[in-house]
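Everything on this sheet refers to the single structure shown next.
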Amino acid sequence: MSRSHSFGIWANLLMGTLMCLSYQPVWAQNLTDRVDEFLRSRIEVAGVPPKIWVGEEIIYSSFALPLFYERRAYRPAWSDDAGSLMLIDDLIGAISRAEQEGLRPADYHLAKLQTILSKLRQNQQKGLPPDPRRLADLDLLATDAFLILGSHYLAGRINPETIDPEWIANRREAHLEDILQKALDSQGIAAALEELLPQQPGYARLREALRHYRDLAAPGGWPAVPEGAKLQKGDRNPRVSALRTRLRAEGVLSEDPAGALDLFDDNLDGAVRHFQRRHGLDVDGIVGRATLAALNVSALERSYQIEVNLERWRWLPESLGKRHIIVNIAGFELDVIESGHSALAMRVVVGRDYRRTPVFSDKITYVVLNPHWEVPLNIAIQDKIPLILKDPEYLSKEKMKVLQGWGAETREIAPETIDWSRVTEKNFAYRLRQDPGPLNALGRVKFMFPNKFNVYLHDTPSRELFARSERTFSSGCIRVEKPMQLAEYLLRGDPNWTGEKILAAINKGIEQTIRLPEPTPIHLLYSTAWVSQDGVINFRRDIYGRDKLLADALREEPPDSD
């Protein structure tokens, strides 16, 4: 056989192979165009704002989704001319894993996507052509699922301001339609969604805690400890055995004693104290009313509590600041965080239930030494006037003045010239101002981050309150346990304000304002569940009922559309 003849045979074989590889069924030659037409018509007739339905499922992303398809000239995103649907599996896997984040996969069209995908693949196995209408349905649902799940990962499922006017979130923002396009181009759907989750280590630790408490809840959780008298070290009681079982179930108690199970021994005392510390209770080893109540919160309820706090993480900004202050209202604690580690920690006193401390982020810009206290109007009317009526000498005893006017027009009014019994909120034409000094409600220093709530950090003469386990005694502002240390830390970049110089200025008793060398971010948060850096899960009582509001909102069905 000649070389030319063998080459001709080889060329014919190659041509045949190429023809086979390039061959497409007739239905595939315009499949994408037909899906394109269905997508365009569905979106264009949806109205403004658009309402698009896929069977009984509504498309929630009524603004981002039309924009996404308009930019693509309505070409389908999740299938091609051959009807290939590989990226749908990646998306469905990502939706299923939303449960790990405390969200419900059912909220993201999971069942409908699986049903349509299953039908399409069954037809594919039978050699039947794909139905372009079903492909269009699948495309709309998949795009909507990505956009909505992405928005929930990025900024939370619930807007906190819709359920709590005292909560202002600085939620992260992004153009999700651009993120989806990049994810499609790189074929990294799940990875793109995961990148939208909070990247702070505290979120990851709490997510792991959710898995653990769901595992504990699955077989029924732990048994309750029966009601009864206080239990403490040395007691012998059948309820002690129930206490052991309860603590062992959560992993707080590692082993049983060699002796009697109904004896409250040293090992059990240590376990109870550890439990109390994790729950912000008095660490005395005594199982009294508060400790018993915390013990008898079920594992399922704890998992719900963790879900609520994971949602709150998603409301936080991308960065809290390299150096920042965290005030956990529910935990009654303040932490100065620098490069991810606590540089200074202290206890705080927060607002009473009827004068709740709000949640928001801001920046501390200045410190006031020896501050006057301008009594807020509501406190003057509700708190101070009843005390003045009860004791005419109250104002002089508390070093308070009655003033009218501002600035150069300020004048002092003699309290005895006022008929306090006739003063109301509507006719209150005065200001109450407390002089600096040891009696001043703000103590000797306050830390200012001007905000609409008129909330700030400050010292207090009522030092005994920091010994309480629950510290809800203020009128909304935050009293700090270590004001001098905090002032020195915030002013450390200014050589004119060492600790000694701050103390010397305070001893002069004159009000003085000091601008910080660098404004410091401060975040007032409300966390009732978190995991510390050493891996210990902490829970706190929901002092303001904010957990319940959010838990109820998270359990609501999604609205008809956005």
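All residue names refer to the structure tokens as shown: chains lettered A, B, ... in order, residues numbered from 1 in each chain, ligands numbered from 1 in order.
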
For this session: Within 12 Å of Ala414 of chain A, counting only C-alpha atoms, which residues show up once you throw out same-chain ones fewer than 5 positions away? Write them as a count of residues only, please.
Result: 13

Problem set entry | Lys426 of chain A environment, 12 Å, only C-alpha atoms, sequence neighbours closer than 3 positions dropped, as a list in words | Leu377, Asn378, Ile381, Arg422, Val423, Ala429 and Tyr430 of chain A

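When only C-alpha atoms are used to measure the gap to Ala293 of chain A, the shortest distance among A:Leu281, A:Ala94, A:Leu31, A:Val48 belongs to A:Leu281.
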
Go through segment 258-358 of chain A and flag each residue having an atom no more than 7 Å from segment 533-547 of chain A; for those, report the closest pair of atoms plus their distance in Å to one decimal, using only C-alpha atoms, ordered by chain and rising number, as a Markdown table.
| residue | atom | partner | partner_atom | distance |
| --- | --- | --- | --- | --- |
| A:Arg278 | CA | A:Asn538 | CA | 4.7 |
| A:His279 | CA | A:Phe539 | CA | 4.9 |
| A:Gly280 | CA | A:Arg540 | CA | 6.2 |
| A:Val308 | CA | A:Asp547 | CA | 6.6 |
| A:Ala330 | CA | A:Arg540 | CA | 6.5 |
| A:Gly331 | CA | A:Arg540 | CA | 6.3 |
| A:Asp353 | CA | A:Tyr544 | CA | 5.8 |

Could you write out the selected residues, including N, CA and C atoms, as a compact mmCIF listing (two decimals), in the first residue's frame?
# COMPACT_ATOMS: atom_id res chain seq x y z
N ARG A 278 -20.01 29.69 82.05
CA ARG A 278 -20.37 29.72 80.63
C ARG A 278 -21.72 30.39 80.39
N HIS A 279 -22.54 30.48 81.42
CA HIS A 279 -23.88 31.04 81.27
C HIS A 279 -24.03 32.40 81.95
N GLY A 280 -22.91 32.97 82.40
CA GLY A 280 -22.95 34.30 83.00
C GLY A 280 -23.68 34.34 84.33
N VAL A 308 -30.05 32.04 65.85
CA VAL A 308 -30.35 33.47 65.96
C VAL A 308 -29.06 34.30 65.97
N ALA A 330 -25.91 41.81 75.99
CA ALA A 330 -26.48 40.65 76.69
C ALA A 330 -25.47 39.97 77.60
N GLY A 331 -24.17 40.14 77.30
CA GLY A 331 -23.14 39.52 78.13
C GLY A 331 -22.57 40.45 79.18
N ASP A 353 -34.74 47.01 81.13
CA ASP A 353 -35.57 46.48 80.06
C ASP A 353 -36.43 47.56 79.42

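Restricting the calculation to only C-alpha atoms, the smallest distance between Glu511 of chain A and any of A:Ala487, A:Leu344, A:Ile418, A:Val368 is found for A:Val368.
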
For this session: Run DSSP on the backbone and grab whatever in segment 384-444 of chain A lands in strand (DSSP E or B); send it over as an MDAnalysis selection string.
Result: chainID A and resid 400:404 411:413 431:434

Problem set entry | Residues near Arg314 of chain A, cut-off 9 Å, only C-alpha atoms, skip fewer than 4 positions along chain, as a list of chain:residue names | A:His152, A:Tyr153, A:Leu154, A:Ala155, A:Gly156, A:Arg157, A:Arg171, A:Arg172, A:Leu197, A:Pro198, A:Tyr203, A:Asn309, A:Leu310

Seminar exercise, completed: If you count only C-alpha atoms, the residue of A:Glu318, A:Val348, A:Asn267, A:Phe275 closest to Val252 of chain A turns out to be A:Phe275
